[in-house]
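The block underneath contains the structure these notes are about, expressed in structure tokens.
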Amino acid sequence: MGWRWPASALDRTEPDALAHGPLTPVVLLPGIWESWRYLLPLARRLHALGHPVHPLPSLGWNGRPLAESRERARAELDALGVEGAVLVAHSKGGLIGKTLLTDPTTADQLRGLVAVCSPFGGSKLSWPVFTRTPLGLFAPGGEAILSLAAETLVDARIVSIGSAWDEMIPEGSVLAGARNITLAQAGHFRPVADAGVARLVHEQVEWLAAGR
């Protein structure tokens with residue numbers, strides 16, 4: 001799926017192009033070194049199913065530390081003024097999404113999080129080689145992962161969708177206390193471009209919106 005990175009960099013879709021629809025609003029949170037346009041295949045399918053889709057362009061290519069990413073996302077959510085939204089995330093975006101659910105300034109604005117292939121328990125591939133790079137964020141014993149794991153009260157508002165095998169997260173994406181769904185397919189990047197996964201995300205967004 002490497003071709004999607006240059007394609008997303010060249011894409012000129014405006015951030016508000018998909019911001020209308022009758023169903024639950026969705027806010028996109030991309031993975032590390034992904035712009036929001038990397039998630040356009042998923043975003044367009046969710047929009048076609050009826051969801052207004054709102055990206056957060058201030059995240060850029062999303063290589064900043066988790067705390068800074070949260071602050072940028074929080075400020076842009078406030079500016080958007082979208083109420084009752086569900087966060088839809090890929091990879092690192094799921095970690096950002098959980099921090100937003102634990103933040104009292106944004107928690108009431110959001111109904112929950114649907115995370116696709118997010119390393120809630122970290123990834124052993126990030127340790128120890130990448131500890132001094134942005135990938136060090138995913139170290140299983142690192143401060144970011146351990147601190148987030150301790151925030152268990154919001155886990156019931158999270159749906160974690162993981163692949164049968166994930167080359168970037170060998171440990172998988174299971175989050176205790178969340179609703180966990182394992183895909184039959186493999187891969188870390190393929191699911192966000194898959195039509196069946198988009199429909200599954202849609203179903204889980206509406207499940208969270210119904211308060212189940």
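How things are named: the first chain in the structure tokens is A, the next is B, and so on; residues count from 1 in each chain; ligands count from 1 in the order shown.
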Per-residue nearest contacts region 33-123 of chain A to region 186-195 of chain A, cut-off 8 Å, using only C-alpha atoms, as a tab-separated table:
residue	atom	partner	partner_atom	distance
A:Leu39	CA	A:Val192	CA	6.6
A:Pro41	CA	A:Ala193	CA	5.3
A:Leu42	CA	A:Val192	CA	5.6
A:Arg45	CA	A:Ala195	CA	7.2
A:His90	CA	A:Val192	CA	7.5
A:Val116	CA	A:Val192	CA	7.5
A:Cys117	CA	A:His188	CA	6.1
(message) I'd like the contact shell of Ser35 (chain A) - 10 Å cut-off, only C-alpha atoms, skipping same-chain residues fewer than 4 positions apart - returned as a ChimeraX atom specification.
(response) /A:5,8-9,29-31,39-40,55-63
Based on the selection just made, write N, CA and C atoms of those residues as a compact mmCIF listing (two decimals), in the first residue's frame.
# COMPACT_ATOMS: atom_id res chain seq x y z
N TRP A 5 0.76 6.64 -0.03
CA TRP A 5 1.40 7.81 0.60
C TRP A 5 1.62 8.93 -0.40
N SER A 8 -1.74 10.33 -1.49
CA SER A 8 -2.40 11.22 -0.52
C SER A 8 -1.71 12.57 -0.46
N ALA A 9 -0.38 12.59 -0.71
CA ALA A 9 0.34 13.87 -0.70
C ALA A 9 -0.04 14.74 -1.88
N LEU A 29 -8.82 10.41 12.46
CA LEU A 29 -7.52 10.51 13.12
C LEU A 29 -6.57 9.54 12.43
N PRO A 30 -5.66 10.03 11.61
CA PRO A 30 -4.76 9.14 10.86
C PRO A 30 -3.65 8.58 11.73
N GLY A 31 -2.89 7.65 11.16
CA GLY A 31 -1.75 7.06 11.85
C GLY A 31 -0.50 7.90 11.72
N LEU A 39 -6.48 8.58 4.59
CA LEU A 39 -7.69 7.85 4.96
C LEU A 39 -8.88 8.15 4.05
N LEU A 40 -8.64 8.81 2.94
CA LEU A 40 -9.75 9.17 2.05
C LEU A 40 -10.54 7.97 1.52
N PRO A 55 -12.02 15.85 8.91
CA PRO A 55 -10.61 15.62 9.22
C PRO A 55 -10.08 16.69 10.16
N LEU A 56 -8.87 16.47 10.66
CA LEU A 56 -8.19 17.45 11.51
C LEU A 56 -6.85 17.78 10.84
N PRO A 57 -6.85 18.69 9.87
CA PRO A 57 -5.64 18.95 9.10
C PRO A 57 -4.44 19.41 9.93
N SER A 58 -4.69 19.97 11.11
CA SER A 58 -3.57 20.47 11.92
C SER A 58 -2.64 19.36 12.39
N LEU A 59 -3.08 18.10 12.33
CA LEU A 59 -2.21 16.99 12.69
C LEU A 59 -1.09 16.79 11.67
N GLY A 60 -1.27 17.37 10.48
CA GLY A 60 -0.24 17.24 9.45
C GLY A 60 0.02 15.78 9.11
N TRP A 61 1.32 15.41 9.08
CA TRP A 61 1.68 14.02 8.82
C TRP A 61 1.81 13.22 10.11
N ASN A 62 1.37 13.79 11.20
CA ASN A 62 1.13 13.08 12.45
C ASN A 62 2.37 12.38 13.02
N GLY A 63 3.49 13.09 13.00
CA GLY A 63 4.71 12.53 13.56
C GLY A 63 5.10 13.12 14.89
(message) Applying 8 Å and only C-alpha atoms, which residues near Leu113 (chain A) remain after dropping the ones on its own chain fewer than 6 positions away? List them as a ChimeraX atom specification.
(response) /A:86-89,94,97-98,157-159,205
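Summary of the local environment: counting only C-alpha atoms, residues at most 7 Å from Gly162 (chain A), other than itself and those fewer than 2 positions away along its chain, are Val116, Cys117, Ser160, Ala164, Gly172, Ser173, Ile181, Thr182 and Leu183 of chain A.
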Those residues with N, CA and C atoms, as a PDB file, in the first residue's frame please?
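Wrote it out as selection06.pdb, contents follow:
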ATOM      1  N   VAL A 116      -8.882   1.351  14.076  1.00  0.00           N
ATOM      2  CA  VAL A 116      -8.486   0.267  13.177  1.00  0.00           C
ATOM      3  C   VAL A 116      -6.977   0.067  13.301  1.00  0.00           C
ATOM      4  N   CYS A 117      -6.575  -1.122  13.711  1.00  0.00           N
ATOM      5  CA  CYS A 117      -5.158  -1.485  13.813  1.00  0.00           C
ATOM      6  C   CYS A 117      -4.371  -0.497  14.675  1.00  0.00           C
ATOM      7  N   SER A 160     -12.213  -1.606  19.043  1.00  0.00           N
ATOM      8  CA  SER A 160     -10.885  -1.834  18.470  1.00  0.00           C
ATOM      9  C   SER A 160     -10.976  -2.933  17.419  1.00  0.00           C
ATOM     10  N   ALA A 164      -6.106 -10.058  11.478  1.00  0.00           N
ATOM     11  CA  ALA A 164      -5.732 -11.401  11.911  1.00  0.00           C
ATOM     12  C   ALA A 164      -4.231 -11.482  12.164  1.00  0.00           C
ATOM     13  N   GLY A 172      -0.973  -7.415  18.182  1.00  0.00           N
ATOM     14  CA  GLY A 172      -2.376  -7.217  17.866  1.00  0.00           C
ATOM     15  C   GLY A 172      -2.938  -5.965  18.509  1.00  0.00           C
ATOM     16  N   SER A 173      -4.238  -5.738  18.331  1.00  0.00           N
ATOM     17  CA  SER A 173      -4.886  -4.494  18.761  1.00  0.00           C
ATOM     18  C   SER A 173      -5.938  -4.695  19.837  1.00  0.00           C
ATOM     19  N   ILE A 181     -12.857  -6.540  17.740  1.00  0.00           N
ATOM     20  CA  ILE A 181     -13.270  -7.271  16.544  1.00  0.00           C
ATOM     21  C   ILE A 181     -12.008  -7.615  15.751  1.00  0.00           C
ATOM     22  N   THR A 182     -11.851  -8.895  15.412  1.00  0.00           N
ATOM     23  CA  THR A 182     -10.692  -9.322  14.632  1.00  0.00           C
ATOM     24  C   THR A 182     -11.118  -9.622  13.201  1.00  0.00           C
ATOM     25  N   LEU A 183     -10.459  -8.973  12.268  1.00  0.00           N
ATOM     26  CA  LEU A 183     -10.740  -9.175  10.853  1.00  0.00           C
ATOM     27  C   LEU A 183     -10.157 -10.500  10.378  1.00  0.00           C
TER      28      LEU A 183
END
Could you go through chain A and tell me which residues DSSP, when run on the backbone, assigns to strand (DSSP E or B), listing them as a PDB file with N, CA, C and O atoms, in the first residue's frame?
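Output saved as result-v6.pdb:
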ATOM      1  N   VAL A  26     -18.420  11.896  11.914  1.00  0.00           N
ATOM      2  CA  VAL A  26     -17.190  11.143  12.112  1.00  0.00           C
ATOM      3  C   VAL A  26     -16.018  12.115  12.044  1.00  0.00           C
ATOM      4  O   VAL A  26     -15.988  13.005  11.187  1.00  0.00           O
ATOM      5  N   VAL A  27     -15.060  11.947  12.955  1.00  0.00           N
ATOM      6  CA  VAL A  27     -13.827  12.738  12.937  1.00  0.00           C
ATOM      7  C   VAL A  27     -12.664  11.793  12.685  1.00  0.00           C
ATOM      8  O   VAL A  27     -12.484  10.803  13.412  1.00  0.00           O
ATOM      9  N   LEU A  28     -11.871  12.084  11.660  1.00  0.00           N
ATOM     10  CA  LEU A  28     -10.772  11.205  11.261  1.00  0.00           C
ATOM     11  C   LEU A  28      -9.501  11.487  12.050  1.00  0.00           C
ATOM     12  O   LEU A  28      -9.114  12.647  12.245  1.00  0.00           O
ATOM     13  N   LEU A  29      -8.824  10.410  12.465  1.00  0.00           N
ATOM     14  CA  LEU A  29      -7.524  10.506  13.125  1.00  0.00           C
ATOM     15  C   LEU A  29      -6.566   9.537  12.430  1.00  0.00           C
ATOM     16  O   LEU A  29      -6.660   8.319  12.631  1.00  0.00           O
ATOM     17  N   VAL A  53     -18.054  13.632   7.400  1.00  0.00           N
ATOM     18  CA  VAL A  53     -16.690  13.253   7.783  1.00  0.00           C
ATOM     19  C   VAL A  53     -15.845  14.511   7.940  1.00  0.00           C
ATOM     20  O   VAL A  53     -15.759  15.333   7.017  1.00  0.00           O
ATOM     21  N   HIS A  54     -15.209  14.633   9.105  1.00  0.00           N
ATOM     22  CA  HIS A  54     -14.419  15.821   9.425  1.00  0.00           C
ATOM     23  C   HIS A  54     -12.977  15.417   9.714  1.00  0.00           C
ATOM     24  O   HIS A  54     -12.715  14.700  10.692  1.00  0.00           O
ATOM     25  N   ALA A  85     -19.982  13.387  17.919  1.00  0.00           N
ATOM     26  CA  ALA A  85     -19.197  12.706  16.892  1.00  0.00           C
ATOM     27  C   ALA A  85     -18.578  11.427  17.437  1.00  0.00           C
ATOM     28  O   ALA A  85     -18.386  11.246  18.642  1.00  0.00           O
ATOM     29  N   VAL A  86     -18.236  10.533  16.518  1.00  0.00           N
ATOM     30  CA  VAL A  86     -17.443   9.352  16.828  1.00  0.00           C
ATOM     31  C   VAL A  86     -16.104   9.506  16.127  1.00  0.00           C
ATOM     32  O   VAL A  86     -16.051   9.833  14.936  1.00  0.00           O
ATOM     33  N   LEU A  87     -15.033   9.288  16.850  1.00  0.00           N
ATOM     34  CA  LEU A  87     -13.701   9.315  16.273  1.00  0.00           C
ATOM     35  C   LEU A  87     -13.462   8.025  15.494  1.00  0.00           C
ATOM     36  O   LEU A  87     -13.788   6.934  15.981  1.00  0.00           O
ATOM     37  N   VAL A  88     -12.908   8.143  14.305  1.00  0.00           N
ATOM     38  CA  VAL A  88     -12.526   6.970  13.512  1.00  0.00           C
ATOM     39  C   VAL A  88     -11.042   7.100  13.223  1.00  0.00           C
ATOM     40  O   VAL A  88     -10.601   8.079  12.616  1.00  0.00           O
ATOM     41  N   ALA A  89     -10.276   6.122  13.685  1.00  0.00           N
ATOM     42  CA  ALA A  89      -8.830   6.263  13.693  1.00  0.00           C
ATOM     43  C   ALA A  89      -8.130   5.074  13.059  1.00  0.00           C
ATOM     44  O   ALA A  89      -8.654   3.960  13.035  1.00  0.00           O
ATOM     45  N   HIS A  90      -6.906   5.346  12.599  1.00  0.00           N
ATOM     46  CA  HIS A  90      -6.012   4.283  12.151  1.00  0.00           C
ATOM     47  C   HIS A  90      -4.718   4.370  12.956  1.00  0.00           C
ATOM     48  O   HIS A  90      -4.177   5.458  13.153  1.00  0.00           O
ATOM     49  N   LEU A 110     -17.841  13.827  22.414  1.00  0.00           N
ATOM     50  CA  LEU A 110     -17.617  12.625  21.617  1.00  0.00           C
ATOM     51  C   LEU A 110     -18.423  11.445  22.151  1.00  0.00           C
ATOM     52  O   LEU A 110     -18.595  11.294  23.363  1.00  0.00           O
ATOM     53  N   ARG A 111     -18.877  10.606  21.223  1.00  0.00           N
ATOM     54  CA  ARG A 111     -19.631   9.422  21.625  1.00  0.00           C
ATOM     55  C   ARG A 111     -18.743   8.197  21.774  1.00  0.00           C
ATOM     56  O   ARG A 111     -19.130   7.225  22.416  1.00  0.00           O
ATOM     57  N   GLY A 112     -17.589   8.224  21.165  1.00  0.00           N
ATOM     58  CA  GLY A 112     -16.705   7.077  21.276  1.00  0.00           C
ATOM     59  C   GLY A 112     -15.661   7.072  20.181  1.00  0.00           C
ATOM     60  O   GLY A 112     -15.484   8.054  19.449  1.00  0.00           O
ATOM     61  N   LEU A 113     -14.985   5.947  20.079  1.00  0.00           N
ATOM     62  CA  LEU A 113     -13.856   5.786  19.159  1.00  0.00           C
ATOM     63  C   LEU A 113     -13.928   4.432  18.486  1.00  0.00           C
ATOM     64  O   LEU A 113     -14.103   3.402  19.154  1.00  0.00           O
ATOM     65  N   VAL A 114     -13.797   4.423  17.163  1.00  0.00           N
ATOM     66  CA  VAL A 114     -13.585   3.185  16.407  1.00  0.00           C
ATOM     67  C   VAL A 114     -12.158   3.240  15.878  1.00  0.00           C
ATOM     68  O   VAL A 114     -11.826   4.101  15.059  1.00  0.00           O
ATOM     69  N   ALA A 115     -11.320   2.358  16.374  1.00  0.00           N
ATOM     70  CA  ALA A 115      -9.902   2.353  16.022  1.00  0.00           C
ATOM     71  C   ALA A 115      -9.584   1.129  15.175  1.00  0.00           C
ATOM     72  O   ALA A 115      -9.961   0.012  15.525  1.00  0.00           O
ATOM     73  N   VAL A 116      -8.882   1.351  14.076  1.00  0.00           N
ATOM     74  CA  VAL A 116      -8.486   0.267  13.177  1.00  0.00           C
ATOM     75  C   VAL A 116      -6.977   0.067  13.301  1.00  0.00           C
ATOM     76  O   VAL A 116      -6.197   0.992  13.047  1.00  0.00           O
ATOM     77  N   ILE A 158     -14.837   2.342  23.339  1.00  0.00           N
ATOM     78  CA  ILE A 158     -13.906   2.117  22.231  1.00  0.00           C
ATOM     79  C   ILE A 158     -14.224   0.798  21.543  1.00  0.00           C
ATOM     80  O   ILE A 158     -14.467  -0.220  22.202  1.00  0.00           O
ATOM     81  N   VAL A 159     -14.235   0.824  20.232  1.00  0.00           N
ATOM     82  CA  VAL A 159     -14.269  -0.390  19.417  1.00  0.00           C
ATOM     83  C   VAL A 159     -12.901  -0.512  18.756  1.00  0.00           C
ATOM     84  O   VAL A 159     -12.469   0.390  18.038  1.00  0.00           O
ATOM     85  N   SER A 160     -12.213  -1.606  19.043  1.00  0.00           N
ATOM     86  CA  SER A 160     -10.885  -1.834  18.470  1.00  0.00           C
ATOM     87  C   SER A 160     -10.976  -2.933  17.419  1.00  0.00           C
ATOM     88  O   SER A 160     -11.282  -4.086  17.731  1.00  0.00           O
ATOM     89  N   ILE A 161     -10.725  -2.554  16.167  1.00  0.00           N
ATOM     90  CA  ILE A 161     -10.763  -3.496  15.041  1.00  0.00           C
ATOM     91  C   ILE A 161      -9.317  -3.818  14.663  1.00  0.00           C
ATOM     92  O   ILE A 161      -8.534  -2.921  14.332  1.00  0.00           O
ATOM     93  N   GLY A 162      -8.954  -5.084  14.749  1.00  0.00           N
ATOM     94  CA  GLY A 162      -7.593  -5.495  14.434  1.00  0.00           C
ATOM     95  C   GLY A 162      -7.556  -6.553  13.352  1.00  0.00           C
ATOM     96  O   GLY A 162      -8.538  -7.273  13.133  1.00  0.00           O
ATOM     97  N   ARG A 179     -14.746  -3.112  22.981  1.00  0.00           N
ATOM     98  CA  ARG A 179     -15.358  -4.085  22.070  1.00  0.00           C
ATOM     99  C   ARG A 179     -14.311  -4.403  21.012  1.00  0.00           C
ATOM    100  O   ARG A 179     -13.922  -3.530  20.228  1.00  0.00           O
ATOM    101  N   ASN A 180     -13.827  -5.634  20.992  1.00  0.00           N
ATOM    102  CA  ASN A 180     -12.747  -6.032  20.097  1.00  0.00           C
ATOM    103  C   ASN A 180     -13.271  -6.899  18.960  1.00  0.00           C
ATOM    104  O   ASN A 180     -14.025  -7.847  19.191  1.00  0.00           O
ATOM    105  N   ILE A 181     -12.857  -6.540  17.740  1.00  0.00           N
ATOM    106  CA  ILE A 181     -13.270  -7.271  16.544  1.00  0.00           C
ATOM    107  C   ILE A 181     -12.008  -7.615  15.751  1.00  0.00           C
ATOM    108  O   ILE A 181     -11.189  -6.737  15.477  1.00  0.00           O
ATOM    109  N   THR A 182     -11.851  -8.895  15.412  1.00  0.00           N
ATOM    110  CA  THR A 182     -10.692  -9.322  14.632  1.00  0.00           C
ATOM    111  C   THR A 182     -11.118  -9.622  13.201  1.00  0.00           C
ATOM    112  O   THR A 182     -12.033 -10.420  12.969  1.00  0.00           O
TER     113      THR A 182
END
DSSP on the backbone: which residues in region 41-112 of chain A end up as helix (DSSP H, G or I)? Give the answer as an mmCIF file with N, CA, C and O atoms, in the first residue's frame.
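Output saved as result_11.cif:
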data_model
loop_
_atom_site.group_PDB
_atom_site.id
_atom_site.type_symbol
_atom_site.label_atom_id
_atom_site.label_comp_id
_atom_site.auth_asym_id
_atom_site.auth_seq_id
_atom_site.Cartn_x
_atom_site.Cartn_y
_atom_site.Cartn_z
ATOM 1 N N PRO A 41 -9.902 6.827 1.200
ATOM 2 C CA PRO A 41 -10.729 5.686 0.774
ATOM 3 C C PRO A 41 -11.783 5.315 1.820
ATOM 4 O O PRO A 41 -12.942 5.061 1.482
ATOM 5 N N LEU A 42 -11.388 5.298 3.076
ATOM 6 C CA LEU A 42 -12.332 5.016 4.164
ATOM 7 C C LEU A 42 -13.320 6.162 4.334
ATOM 8 O O LEU A 42 -14.526 5.952 4.473
ATOM 9 N N ALA A 43 -12.809 7.387 4.288
ATOM 10 C CA ALA A 43 -13.665 8.564 4.486
ATOM 11 C C ALA A 43 -14.760 8.648 3.422
ATOM 12 O O ALA A 43 -15.927 8.943 3.729
ATOM 13 N N ARG A 44 -14.407 8.395 2.177
ATOM 14 C CA ARG A 44 -15.392 8.489 1.097
ATOM 15 C C ARG A 44 -16.463 7.416 1.229
ATOM 16 O O ARG A 44 -17.638 7.665 0.939
ATOM 17 N N ARG A 45 -16.077 6.237 1.651
ATOM 18 C CA ARG A 45 -17.076 5.173 1.832
ATOM 19 C C ARG A 45 -17.998 5.495 3.004
ATOM 20 O O ARG A 45 -19.207 5.265 2.925
ATOM 21 N N LEU A 46 -17.448 6.023 4.093
ATOM 22 C CA LEU A 46 -18.297 6.404 5.216
ATOM 23 C C LEU A 46 -19.251 7.525 4.829
ATOM 24 O O LEU A 46 -20.417 7.538 5.221
ATOM 25 N N HIS A 47 -18.757 8.454 4.037
ATOM 26 C CA HIS A 47 -19.605 9.552 3.570
ATOM 27 C C HIS A 47 -20.721 9.025 2.663
ATOM 28 O O HIS A 47 -21.879 9.457 2.762
ATOM 29 N N ALA A 48 -20.378 8.084 1.792
ATOM 30 C CA ALA A 48 -21.385 7.502 0.903
ATOM 31 C C ALA A 48 -22.463 6.759 1.691
ATOM 32 O O ALA A 48 -23.618 6.670 1.250
ATOM 33 N N PRO A 57 -6.849 18.686 9.872
ATOM 34 C CA PRO A 57 -5.635 18.953 9.101
ATOM 35 C C PRO A 57 -4.442 19.414 9.928
ATOM 36 O O PRO A 57 -3.291 19.259 9.509
ATOM 37 N N SER A 58 -4.691 19.972 11.108
ATOM 38 C CA SER A 58 -3.574 20.472 11.920
ATOM 39 C C SER A 58 -2.644 19.356 12.392
ATOM 40 O O SER A 58 -1.515 19.623 12.813
ATOM 41 N N LEU A 59 -3.083 18.101 12.326
ATOM 42 C CA LEU A 59 -2.206 16.989 12.689
ATOM 43 C C LEU A 59 -1.092 16.794 11.671
ATOM 44 O O LEU A 59 -0.100 16.116 11.960
ATOM 45 N N LEU A 66 2.681 12.245 21.370
ATOM 46 C CA LEU A 66 1.254 12.037 21.597
ATOM 47 C C LEU A 66 0.601 13.235 22.266
ATOM 48 O O LEU A 66 -0.510 13.637 21.887
ATOM 49 N N ALA A 67 1.257 13.831 23.242
ATOM 50 C CA ALA A 67 0.661 14.965 23.949
ATOM 51 C C ALA A 67 0.437 16.146 23.020
ATOM 52 O O ALA A 67 -0.605 16.812 23.078
ATOM 53 N N GLU A 68 1.396 16.411 22.140
ATOM 54 C CA GLU A 68 1.236 17.521 21.194
ATOM 55 C C GLU A 68 0.148 17.207 20.176
ATOM 56 O O GLU A 68 -0.638 18.090 19.797
ATOM 57 N N SER A 69 0.081 15.957 19.735
ATOM 58 C CA SER A 69 -0.978 15.555 18.800
ATOM 59 C C SER A 69 -2.344 15.750 19.434
ATOM 60 O O SER A 69 -3.282 16.231 18.787
ATOM 61 N N ARG A 70 -2.466 15.382 20.717
ATOM 62 C CA ARG A 70 -3.742 15.563 21.419
ATOM 63 C C ARG A 70 -4.130 17.038 21.489
ATOM 64 O O ARG A 70 -5.295 17.387 21.267
ATOM 65 N N GLU A 71 -3.171 17.895 21.788
ATOM 66 C CA GLU A 71 -3.473 19.318 21.901
ATOM 67 C C GLU A 71 -3.935 19.893 20.569
ATOM 68 O O GLU A 71 -4.869 20.702 20.513
ATOM 69 N N ARG A 72 -3.283 19.495 19.499
ATOM 70 C CA ARG A 72 -3.695 19.966 18.172
ATOM 71 C C ARG A 72 -5.090 19.471 17.826
ATOM 72 O O ARG A 72 -5.919 20.217 17.315
ATOM 73 N N ALA A 73 -5.333 18.195 18.100
ATOM 74 C CA ALA A 73 -6.648 17.625 17.809
ATOM 75 C C ALA A 73 -7.726 18.287 18.660
ATOM 76 O O ALA A 73 -8.819 18.593 18.168
ATOM 77 N N ARG A 74 -7.428 18.531 19.926
ATOM 78 C CA ARG A 74 -8.400 19.145 20.827
ATOM 79 C C ARG A 74 -8.766 20.552 20.359
ATOM 80 O O ARG A 74 -9.939 20.925 20.337
ATOM 81 N N ALA A 75 -7.763 21.334 19.963
ATOM 82 C CA ALA A 75 -8.018 22.699 19.505
ATOM 83 C C ALA A 75 -8.865 22.703 18.239
ATOM 84 O O ALA A 75 -9.785 23.523 18.088
ATOM 85 N N GLU A 76 -8.581 21.769 17.339
ATOM 86 C CA GLU A 76 -9.336 21.755 16.086
ATOM 87 C C GLU A 76 -10.750 21.230 16.291
ATOM 88 O O GLU A 76 -11.697 21.688 15.643
ATOM 89 N N LEU A 77 -10.913 20.268 17.193
ATOM 90 C CA LEU A 77 -12.266 19.803 17.526
ATOM 91 C C LEU A 77 -13.099 20.943 18.081
ATOM 92 O O LEU A 77 -14.278 21.105 17.735
ATOM 93 N N ASP A 78 -12.490 21.744 18.944
ATOM 94 C CA ASP A 78 -13.189 22.887 19.528
ATOM 95 C C ASP A 78 -13.610 23.868 18.441
ATOM 96 O O ASP A 78 -14.723 24.396 18.449
ATOM 97 N N ALA A 79 -12.715 24.100 17.481
ATOM 98 C CA ALA A 79 -13.009 25.034 16.394
ATOM 99 C C ALA A 79 -14.106 24.495 15.480
ATOM 100 O O ALA A 79 -14.940 25.261 14.980
ATOM 101 N N LEU A 80 -14.124 23.178 15.260
ATOM 102 C CA LEU A 80 -15.156 22.579 14.411
ATOM 103 C C LEU A 80 -16.537 22.700 15.037
ATOM 104 O O LEU A 80 -17.541 22.876 14.340
ATOM 105 N N LYS A 92 -1.729 5.024 15.113
ATOM 106 C CA LYS A 92 -1.496 6.027 16.159
ATOM 107 C C LYS A 92 -2.745 6.863 16.432
ATOM 108 O O LYS A 92 -2.950 7.325 17.559
ATOM 109 N N GLY A 93 -3.583 7.053 15.432
ATOM 110 C CA GLY A 93 -4.794 7.831 15.619
ATOM 111 C C GLY A 93 -5.666 7.286 16.735
ATOM 112 O O GLY A 93 -6.360 8.034 17.421
ATOM 113 N N GLY A 94 -5.629 5.956 16.949
ATOM 114 C CA GLY A 94 -6.400 5.370 18.037
ATOM 115 C C GLY A 94 -5.894 5.803 19.402
ATOM 116 O O GLY A 94 -6.679 5.982 20.339
ATOM 117 N N LEU A 95 -4.578 5.987 19.518
ATOM 118 C CA LEU A 95 -4.006 6.466 20.779
ATOM 119 C C LEU A 95 -4.411 7.913 21.024
ATOM 120 O O LEU A 95 -4.774 8.281 22.149
ATOM 121 N N ILE A 96 -4.353 8.734 19.966
ATOM 122 C CA ILE A 96 -4.815 10.116 20.094
ATOM 123 C C ILE A 96 -6.282 10.130 20.493
ATOM 124 O O ILE A 96 -6.706 10.890 21.374
ATOM 125 N N GLY A 97 -7.070 9.271 19.852
ATOM 126 C CA GLY A 97 -8.500 9.216 20.146
ATOM 127 C C GLY A 97 -8.779 8.870 21.590
ATOM 128 O O GLY A 97 -9.657 9.478 22.223
ATOM 129 N N LYS A 98 -8.025 7.925 22.145
ATOM 130 C CA LYS A 98 -8.261 7.562 23.551
ATOM 131 C C LYS A 98 -7.902 8.724 24.467
ATOM 132 O O LYS A 98 -8.598 8.977 25.457
ATOM 133 N N THR A 99 -6.828 9.462 24.146
ATOM 134 C CA THR A 99 -6.488 10.624 24.985
ATOM 135 C C THR A 99 -7.603 11.659 24.952
ATOM 136 O O THR A 99 -7.866 12.326 25.954
ATOM 137 N N LEU A 100 -8.273 11.802 23.817
ATOM 138 C CA LEU A 100 -9.379 12.765 23.718
ATOM 139 C C LEU A 100 -10.583 12.313 24.538
ATOM 140 O O LEU A 100 -11.308 13.138 25.096
ATOM 141 N N LEU A 101 -10.806 11.003 24.617
ATOM 142 C CA LEU A 101 -11.910 10.486 25.429
ATOM 143 C C LEU A 101 -11.636 10.655 26.918
ATOM 144 O O LEU A 101 -12.570 10.736 27.721
ATOM 145 N N THR A 102 -10.357 10.686 27.287
ATOM 146 C CA THR A 102 -10.018 10.860 28.701
ATOM 147 C C THR A 102 -9.922 12.327 29.107
ATOM 148 O O THR A 102 -9.819 12.630 30.292
ATOM 149 N N ALA A 107 -14.312 15.031 26.088
ATOM 150 C CA ALA A 107 -15.012 13.764 26.296
ATOM 151 C C ALA A 107 -16.512 13.864 26.066
ATOM 152 O O ALA A 107 -17.128 12.982 25.444
ATOM 153 N N ASP A 108 -17.133 14.940 26.537
ATOM 154 C CA ASP A 108 -18.586 15.084 26.396
ATOM 155 C C ASP A 108 -19.008 15.407 24.972
ATOM 156 O O ASP A 108 -20.189 15.283 24.622
ATOM 157 N N GLN A 109 -18.062 15.838 24.170
ATOM 158 C CA GLN A 109 -18.338 16.183 22.773
ATOM 159 C C GLN A 109 -18.373 14.939 21.892
ATOM 160 O O GLN A 109 -18.885 14.973 20.779
#
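Remark: for Val154 (chain A), the closest of the candidate residues A:Pro104, A:His20, A:Glu203, A:Gly141 is A:Pro104 (distances computed over only C-alpha atoms).
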(message) Between A:Ser163, A:Val82, A:Gly21, A:Ala150, which residue has the minimum interatomic distance to Gly177 (chain A), considering only C-alpha atoms?
(response) A:Ala150
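Rounded to one decimal, CA of Pro170 (chain A) and CA of Ser123 (chain A) lie 6.7 Å from each other.
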